[in-house]
Amino acid sequence: MNLYNFLKNIKLANQLRILTLQVIISLLFLNTQISFSQNKINWEGTYVGVDLGIAKGKDHGYEDDGSQYLNKNNLQGAIYGFHLGYNFPLDNLIGKKGFIFSPLVEYKKGRKLESPITPQLENGEPTEENCKYCLKSTFIDSYSLLGKFGYLLNEYTQINIVAGLTDIRMKRNIHDESYSIVEDSVTDKIRRVPTYGLGYESIINNNLSFVTDFRYLKSKTKQSSSDYDDEFYNYRQTSVTAGINYRF
């Protein structure tokens, strides 16, 4: 066998492998489509899910309920959690197909979702030489009760908006001049924080679906749980997560 025929056989073998792979992918896709057509997707019912993503927060401290900044802490880190909901189709209620309402409970936990140790501000500028009231903010976790309104773009894809309330636990470590945590560091509970969001869900099979969500929350200015009576804080956070839902 000469070199030309040898190379020609290699080329034919590679083409055969590519053709075989294309046939396998086509058969898998066809099998998926047949499975979907034989088992119509049912969005109604209970679902649970897990998710993971990133979050950014702003924890601002004020003096005398907003008259002057004490601290401006920027948080960044990972966030993960789980959720539970129930899909109610609204076809019969509103007379149009494709609309879904879901009461939704979410739990989120931060993973190194925290700020650096930030010096106290004086006239809007950091007081680097004095860390008596330096602050480090850490997002611990949150619980949300939400209402989700979804619309089916097709049988396999849903977009949605959410709104509701969230309870947050924040840890605020106050540091002294040597950057050591002092005794009056506190864990603040921020209750009933307005929460809004957008979401996307795409069916994988009859039980599983891929989800991605955006959330935004912002608390009103409230007094801290620390021993300092004139300290007030508000907190805002944005997050983007992706995960998997399982429908029962």
# chains A, B, ... in the order shown; residues from 1 in each chain; ligands from 1
>>> residues_around(residues="range 112-117 of chain A", least_positions_apart="3", cutoff="7 Å", atoms="only C-alpha atoms", output="list in words")
Asn73, Asn74, Leu75, Gln76, Gly77, Ala78, Cys134, Leu135, Lys136, Ser137, Thr138 and Phe139 of chain A
>>> write_last_selection(atoms="C-alpha atoms", output="short mmCIF file (atom, residue, chain, number, x, y, z; two decimals), in the first residue's frame")
data_model
loop_
_atom_site.label_atom_id
_atom_site.label_comp_id
_atom_site.auth_asym_id
_atom_site.auth_seq_id
_atom_site.Cartn_x
_atom_site.Cartn_y
_atom_site.Cartn_z
CA ASN A 73 -19.24 48.19 53.53
CA ASN A 74 -19.29 46.36 50.18
CA LEU A 75 -19.81 42.60 50.36
CA GLN A 76 -19.04 40.02 47.69
CA GLY A 77 -19.05 36.22 47.72
CA ALA A 78 -20.89 33.02 46.90
CA CYS A 134 -14.00 49.65 62.12
CA LEU A 135 -16.68 47.31 60.83
CA LYS A 136 -16.75 44.00 58.95
CA SER A 137 -20.14 42.91 57.57
CA THR A 138 -21.00 39.27 56.83
CA PHE A 139 -24.18 37.89 55.28
#
>>> atom_distance(atom1="CA of Leu90 in chain A", atom2="CA of Gly45 in chain A")
12.7 Å
>>> residues_around(residues="Arg191 in chain A", least_positions_apart="5", cutoff="12 Å", atoms="only C-alpha atoms", output="list in words")
Ser142, Tyr143, Ser144, Leu145, Gly164, Leu165, Thr166, Asp167, Ile168, Arg169, Met170, Leu217, Lys218, Ser219, Lys220, Thr221, Lys222, Gln223, Asn234 and Tyr235 of chain A
>>> closest_residue(among="A:Lys40, A:Phe99, A:Asp141, A:Arg215", to="Ile159 in chain A", atoms="only C-alpha atoms")
A:Phe99
>>> residues_around(residues="Ile244 in chain A", least_positions_apart="5", cutoff="8 Å", atoms="only C-alpha atoms", output="number ranges by chain")
A: 49-51, 208-211
>>> write_last_selection(atoms="C-alpha atoms", output="PDB file, in the first residue's frame")
ATOM      1  CA  GLY A  49     -34.654  22.747  43.860  1.00  0.00           C
ATOM      2  CA  VAL A  50     -31.089  23.648  44.710  1.00  0.00           C
ATOM      3  CA  ASP A  51     -29.060  26.555  43.399  1.00  0.00           C
ATOM      4  CA  LEU A 208     -35.959  17.858  35.902  1.00  0.00           C
ATOM      5  CA  SER A 209     -35.496  21.416  34.719  1.00  0.00           C
ATOM      6  CA  PHE A 210     -32.683  23.980  34.642  1.00  0.00           C
ATOM      7  CA  VAL A 211     -33.361  27.275  36.426  1.00  0.00           C
TER       8      VAL A 211
END
>>> closest_residue(among="A:Phe248, A:Tyr62, A:Tyr216, A:Phe82", to="Glu106 in chain A", atoms="only C-alpha atoms")
A:Phe82
>>> select_by_dssp(residues="range 38-208 of chain A", states="helix (DSSP H, G or I)", output="MDAnalysis selection string")
chainID A and resid 38 91:94
>>> write_last_selection(atoms="C-alpha atoms", output="PDB file, in the first residue's frame")
ATOM      1  CA  GLN A  38     -45.483  10.677  24.401  1.00  0.00           C
ATOM      2  CA  ASP A  91     -55.759  28.890  32.650  1.00  0.00           C
ATOM      3  CA  ASN A  92     -59.244  28.504  34.140  1.00  0.00           C
ATOM      4  CA  LEU A  93     -58.926  31.561  36.383  1.00  0.00           C
ATOM      5  CA  ILE A  94     -57.922  34.152  33.788  1.00  0.00           C
TER       6      ILE A  94
END
